[in-house]
>>> print(open('entry.txt').read())   # compact mmCIF, C-alpha atoms
# COMPACT_ATOMS: atom_id res chain seq x y z
CA MET A 1 20.33 133.02 -121.14
CA HIS A 2 24.08 133.13 -121.81
CA TYR A 3 24.05 130.21 -124.22
CA LEU A 4 20.84 131.38 -125.87
CA ALA A 5 22.55 134.71 -126.52
CA LYS A 6 25.66 132.95 -127.86
CA ALA A 7 23.45 130.95 -130.22
CA GLY A 8 21.66 134.09 -131.40
CA HIS A 9 18.31 133.26 -129.75
CA ALA A 10 18.45 135.98 -127.08
CA PRO A 11 19.72 139.59 -126.89
CA ARG A 12 23.50 139.80 -127.14
CA ILE A 13 23.78 141.59 -123.82
CA PHE A 14 23.15 138.27 -122.06
CA ALA A 15 26.39 136.93 -123.58
CA LYS A 16 28.52 139.28 -121.46
CA VAL A 17 30.78 137.53 -118.96
CA TRP A 18 33.20 138.44 -116.19
CA PRO A 19 36.18 138.37 -116.28
CA ASN A 20 36.17 139.19 -119.97
CA THR A 21 39.65 137.88 -120.79
CA GLU A 22 40.79 135.33 -123.33
CA ARG A 23 42.49 133.20 -120.67
CA ALA A 24 39.36 133.05 -118.53
CA LYS A 25 37.21 132.19 -121.54
CA LYS A 26 39.61 129.45 -122.60
CA GLU A 27 39.64 127.92 -119.13
CA GLY A 28 35.89 128.33 -118.77
CA VAL A 29 36.19 130.26 -115.49
CA VAL A 30 33.73 133.06 -116.23
CA VAL A 31 30.46 134.31 -114.79
CA PRO A 32 27.59 135.35 -117.11
CA TRP A 33 26.81 138.27 -114.83
CA VAL A 34 23.99 139.76 -116.90
CA GLY A 35 22.05 136.50 -116.94
CA VAL A 36 22.68 136.02 -113.22
CA LEU A 37 21.37 139.51 -112.40
CA VAL A 38 18.24 138.97 -114.50
CA THR A 39 17.59 135.65 -112.77
CA VAL A 40 18.06 137.22 -109.35
CA GLY A 41 15.72 140.03 -110.37
CA PHE A 42 12.96 137.56 -111.22
CA SER A 43 13.55 135.68 -107.98
CA ALA A 44 12.67 138.90 -106.14
CA LEU A 45 9.08 138.30 -107.26
CA SER A 46 8.88 135.73 -104.46
CA PHE A 47 8.29 138.63 -102.05
CA MET A 48 4.86 138.91 -103.65
CA ALA A 49 3.92 135.76 -101.73
CA MET A 50 4.05 137.59 -98.39
CA ARG A 51 0.65 137.58 -96.68
CA PRO A 52 -0.67 140.65 -94.86
CA TYR A 53 -2.53 138.45 -92.37
CA VAL A 54 -2.50 134.80 -91.40
CA ASP A 55 -4.65 132.62 -93.71
CA VAL A 56 -5.43 135.62 -95.90
CA ALA A 57 -4.03 135.42 -99.41
CA SER A 58 -3.26 138.76 -101.01
CA HIS A 59 -3.71 139.55 -104.69
CA PRO A 60 0.06 139.70 -105.31
CA GLU A 61 0.37 136.24 -103.78
CA LYS A 62 -2.26 134.86 -106.14
CA ILE A 63 -0.49 136.46 -109.11
CA PHE A 64 2.83 135.00 -107.99
CA THR A 65 1.21 131.56 -107.69
CA TRP A 66 -0.12 131.85 -111.24
CA ILE A 67 3.29 132.93 -112.55
CA SER A 68 4.96 130.03 -110.71
CA SER A 69 2.46 127.58 -112.18
CA MET A 70 3.07 128.77 -115.73
CA SER A 71 6.83 128.82 -115.20
CA SER A 72 6.78 125.25 -113.88
CA SER A 73 4.86 124.05 -116.92
CA ALA A 74 7.22 125.87 -119.27
CA TYR A 75 10.21 124.40 -117.41
CA LEU A 76 8.83 120.89 -117.83
CA GLN A 77 8.25 121.57 -121.51
CA SER A 78 11.91 122.43 -121.96
CA TRP A 79 12.82 119.08 -120.40
CA VAL A 80 10.35 117.31 -122.68
CA GLY A 81 12.06 118.89 -125.68
CA THR A 82 15.52 117.98 -124.37
CA LEU A 83 14.58 114.37 -123.65
CA PHE A 84 12.78 113.95 -126.97
CA THR A 85 15.86 115.29 -128.75
CA TYR A 86 18.11 112.90 -126.84
CA VAL A 87 15.95 109.86 -127.68
CA ARG A 88 16.09 110.78 -131.36
CA PHE A 89 19.85 111.35 -131.09
CA TRP A 90 20.24 107.89 -129.53
CA ARG A 91 18.16 106.42 -132.34
CA GLY A 92 20.39 108.15 -134.88
CA THR A 93 23.52 106.60 -133.37
CA LYS A 94 22.00 103.15 -133.82
CA VAL A 95 20.85 103.70 -137.39
CA GLN A 96 24.06 105.40 -138.55
CA LYS A 97 26.52 103.17 -136.71
CA SER A 98 27.80 101.51 -139.86
CA MET A 99 28.49 104.85 -141.58
CA TYR A 100 29.99 106.72 -138.62
CA GLU A 101 31.53 103.83 -136.72
CA TYR A 102 34.44 105.76 -135.19
CA GLU A 103 32.39 108.82 -134.24
CA ILE A 104 29.59 106.82 -132.66
CA ARG A 105 32.09 104.69 -130.76
CA ILE A 106 33.31 107.90 -129.11
CA ILE A 107 29.72 108.86 -128.26
CA GLU A 108 28.96 105.45 -126.77
CA ARG A 109 32.13 105.53 -124.69
CA ASN A 110 30.90 108.70 -122.97
CA ARG A 111 27.27 107.61 -122.70
CA ALA A 112 25.77 106.94 -119.28
CA TRP A 113 24.53 103.45 -118.53
CA GLY A 114 20.84 102.62 -118.84
CA GLN A 115 20.17 104.83 -121.83
CA PRO A 116 17.80 105.36 -123.54
CA PHE A 117 15.53 103.84 -120.88
CA TRP A 118 16.19 106.59 -118.33
CA ALA A 119 15.45 109.21 -120.96
CA ILE A 120 12.23 107.47 -122.03
CA TYR A 121 11.13 107.12 -118.40
CA SER A 122 11.85 110.80 -117.70
CA LEU A 123 10.09 111.86 -120.89
CA THR A 124 7.01 109.84 -119.94
CA MET A 125 6.89 111.23 -116.41
CA CYS A 126 7.31 114.83 -117.59
CA CYS A 127 4.46 114.41 -120.08
CA LEU A 128 2.20 112.87 -117.43
CA ILE A 129 2.94 115.71 -115.01
CA LEU A 130 2.18 118.29 -117.70
CA VAL A 131 -1.18 116.67 -118.42
CA PHE A 132 -2.28 115.97 -114.84
CA ASN A 133 -0.66 118.80 -112.86
CA GLY A 134 -4.00 120.62 -112.71
CA TRP A 135 -6.14 117.57 -112.05
CA SER A 136 -7.22 118.90 -108.65
CA LEU A 137 -9.18 121.59 -110.49
CA PHE A 138 -11.56 118.96 -111.85
CA ASN A 139 -12.54 117.15 -108.68
CA THR A 140 -15.60 118.04 -106.64
CA LYS A 141 -13.58 118.78 -103.52
CA ASN A 142 -11.86 121.87 -104.90
CA GLY A 143 -14.48 122.93 -107.40
CA ARG A 144 -17.83 122.13 -108.98
CA TRP A 145 -18.58 119.84 -111.87
CA VAL A 146 -20.23 122.05 -114.47
CA ILE A 147 -21.88 120.68 -117.61
CA PHE A 148 -23.88 123.77 -118.47
CA VAL A 149 -24.72 127.04 -116.74
CA THR A 150 -28.23 128.38 -116.26
CA PRO A 151 -29.19 131.96 -115.36
CA ASP A 152 -29.95 130.80 -111.81
CA SER A 153 -26.63 129.00 -111.34
CA PRO A 154 -24.18 130.44 -108.82
CA PRO A 155 -21.14 132.10 -110.38
CA PHE A 156 -18.23 129.85 -111.19
CA PRO A 157 -15.20 130.51 -108.95
CA LYS A 158 -12.83 132.84 -110.76
CA ASP A 159 -9.82 131.33 -109.04
CA GLN A 160 -10.57 127.99 -110.67
CA VAL A 161 -10.61 129.62 -114.09
CA PHE A 162 -7.29 131.38 -113.60
CA LYS A 163 -5.69 128.24 -112.17
CA PHE A 164 -6.83 126.25 -115.18
CA ILE A 165 -5.45 128.86 -117.58
CA THR A 166 -2.08 129.11 -115.84
CA ASN A 167 -1.73 125.32 -115.61
CA TYR A 168 -2.59 124.52 -119.22
CA LEU A 169 -1.98 127.66 -121.28
CA PRO A 170 1.71 126.77 -121.88
CA LEU A 171 0.68 123.55 -123.67
CA PRO A 172 -1.19 125.10 -126.63
CA SER A 173 1.34 127.94 -126.64
CA LEU A 174 4.14 125.42 -127.19
CA MET A 175 2.23 123.72 -130.01
CA LEU A 176 1.58 127.09 -131.62
CA LEU A 177 5.27 128.01 -131.44
CA ILE A 178 6.43 124.66 -132.83
CA PHE A 179 4.04 124.44 -135.76
CA GLY A 180 4.19 128.19 -136.36
CA TYR A 181 7.97 128.00 -136.69
CA LYS A 182 7.74 124.98 -139.00
CA PHE A 183 5.12 126.75 -141.12
CA ILE A 184 7.12 129.98 -141.44
CA LYS A 185 10.57 128.42 -141.86
CA GLN A 186 9.30 125.38 -143.79
CA SER A 187 11.66 123.21 -141.76
CA ALA A 188 11.56 119.44 -141.54
CA MET A 189 12.65 117.06 -138.79
CA VAL A 190 15.91 115.32 -139.65
CA ARG A 191 15.37 111.58 -139.89
CA ALA A 192 17.69 109.20 -138.07
CA LYS A 193 19.12 107.88 -141.34
CA ASN A 194 20.09 111.42 -142.39
CA MET A 195 21.79 112.53 -139.16
CA ASP A 196 25.38 113.72 -139.53
CA PHE A 197 27.86 112.77 -136.79
CA ARG A 198 31.06 113.97 -138.45
CA GLY A 199 31.48 116.85 -135.98
CA VAL A 200 32.29 114.38 -133.20
CA CYS A 201 35.79 113.91 -134.65
CA ASP A 202 36.53 117.62 -134.21
CA PRO A 203 37.54 118.43 -137.81
CA ASP A 204 38.52 121.99 -136.85
CA ASN A 205 40.86 120.77 -134.10
CA HIS A 206 39.04 122.63 -131.35
CA LEU A 207 39.90 119.90 -128.85
CA ALA A 208 43.63 119.70 -129.51
CA ASP A 209 44.46 120.45 -125.87
CA TRP A 210 41.68 118.30 -124.45
CA LYS A 211 42.72 115.44 -122.19
CA GLU A 212 40.53 112.43 -121.62
CA GLU A 213 39.23 112.21 -118.07
CA LYS A 214 40.41 109.12 -116.25
CA PRO A 215 37.85 107.06 -114.30
CA PRO A 216 38.05 107.57 -110.51
CA THR A 217 39.78 104.98 -108.36
CA THR A 218 38.46 105.84 -104.88
CA PHE A 219 35.17 104.49 -103.52
CA TRP A 220 33.41 107.86 -103.20
CA GLY A 221 34.82 108.93 -106.53
CA LYS A 222 33.27 105.87 -108.14
CA VAL A 223 29.95 106.59 -106.41
CA TRP A 224 29.95 110.17 -107.70
CA PHE A 225 30.95 109.03 -111.18
CA PHE A 226 28.11 106.50 -111.12
CA LEU A 227 25.56 109.16 -110.14
CA VAL A 228 26.56 111.91 -112.56
CA CYS A 229 27.96 109.94 -115.48
>>> encode(input="entry.txt", output="structure tokens")
Amino acid sequence: MHYLAKAGHAPRIFAKVWPNTERAKKEGVVVPWVGVLVTVGFSALSFMAMRPYVDVASHPEKIFTWISSMSSSAYLQSWVGTLFTYVRFWRGTKVQKSMYEYEIRIIERNRAWGQPFWAIYSLTMCCLILVFNGWSLFNTKNGRWVIFVTPDSPPFPKDQVFKFITNYLPLPSLMLLIFGYKFIKQSAMVRAKNMDFRGVCDPDNHLADWKEEKPPTTFWGKVWFFLVC
């Protein structure tokens, strides 16, 4: 929420930090307290999952389960967008390497090993999970196969309907947001051959005091560096 607010995509109140001093901001030792409080407030919804009796699901618990399902799908969608953006960014560094040789050399020096294959693998898995996360709703163990409904047919379980909606509603919602934004803003996806990497060289000298991190020399330091970098 803090970075969304800084980018202008969320209310400015979420950009508030503590301590609000120039030294703390420069060193990066701040806490986005408004965003933290909002997150903690939403986490309090987990108390809705408390059951009044054993093996008896309450209505608040069902609602919390539906909210969790939709949130999980939306969370995976954000990762799909991030991974898709990274794969295109990687492609741009390959296409534009002759034009931005110095800048892309800096990018490649800080790039983790195994890319873009890890990103492609993660993107594939996230997409598969989004598509099949509600597959249990379609088997005959948890529900009924229904081709058409007659007046004499028993009513279809309402829980199955709500579970289907909460599992798959974020998918068309995402498509609507993407294409709606492109239709209103008339924006176009930047092709790899048109990507601009000049900002990597820090033309405004924002990184004048930045010091390059040295690779670790200890065994556990190398293990940690291997895992996170």
>>> atom_distance(input="entry.txt", atom1="atom CA of A:Arg198", atom2="atom CA of A:Val95")
14.5 Å
>>> closest_residue(input="entry.txt", among="A:Gly8, A:Pro151, A:Gly180, A:Pro116", to="A:Val87", atoms="all atoms listed in the file")
A:Pro116
>>> closest_residue(input="entry.txt", among="A:Thr39, A:Leu128, A:Val34, A:Leu123", to="A:Gly81", atoms="only C-alpha atoms")
A:Leu123
>>> residues_around(input="entry.txt", residues="A:Leu169", least_positions_apart="6", cutoff="12 Å", atoms="all atoms listed in the file", output="mmCIF file with C-alpha atoms, in the coordinates of the input")
data_model
loop_
_atom_site.group_PDB
_atom_site.id
_atom_site.type_symbol
_atom_site.label_atom_id
_atom_site.label_comp_id
_atom_site.auth_asym_id
_atom_site.auth_seq_id
_atom_site.Cartn_x
_atom_site.Cartn_y
_atom_site.Cartn_z
ATOM 1 C CA TRP A 66 -0.120 131.850 -111.240
ATOM 2 C CA ILE A 67 3.290 132.930 -112.550
ATOM 3 C CA SER A 69 2.460 127.580 -112.180
ATOM 4 C CA MET A 70 3.070 128.770 -115.730
ATOM 5 C CA SER A 71 6.830 128.820 -115.200
ATOM 6 C CA SER A 72 6.780 125.250 -113.880
ATOM 7 C CA SER A 73 4.860 124.050 -116.920
ATOM 8 C CA ALA A 74 7.220 125.870 -119.270
ATOM 9 C CA GLN A 77 8.250 121.570 -121.510
ATOM 10 C CA LEU A 130 2.180 118.290 -117.700
ATOM 11 C CA VAL A 131 -1.180 116.670 -118.420
ATOM 12 C CA GLY A 134 -4.000 120.620 -112.710
ATOM 13 C CA VAL A 161 -10.610 129.620 -114.090
ATOM 14 C CA PHE A 162 -7.290 131.380 -113.600
ATOM 15 C CA LYS A 163 -5.690 128.240 -112.170
ATOM 16 C CA MET A 175 2.230 123.720 -130.010
ATOM 17 C CA LEU A 176 1.580 127.090 -131.620
#
>>> residues_around(input="entry.txt", residues="A:Tyr3", least_positions_apart="6", cutoff="10 Å", atoms="only C-alpha atoms", output="JSON, numbers by chain")
{"A": [9, 10, 14, 15, 32, 35]}
>>> atom_distance(input="entry.txt", atom1="atom CA of A:Met195", atom2="atom CA of A:Ala119")
19.6 Å
>>> residues_around(input="entry.txt", residues="A:Asp196", least_positions_apart="2", cutoff="9 Å", atoms="all atoms listed in the file", output="ChimeraX atom specification")
/A:92,96,100,193-194,198-199
>>> atom_distance(input="entry.txt", atom1="atom CA of A:Asn133", atom2="atom CA of A:Thr166")
10.8 Å
>>> residues_around(input="entry.txt", residues="A:Pro19", least_positions_apart="4", cutoff="10 Å", atoms="only C-alpha atoms", output="PyMOL selection string")
chain A and resi 23-25+29-33
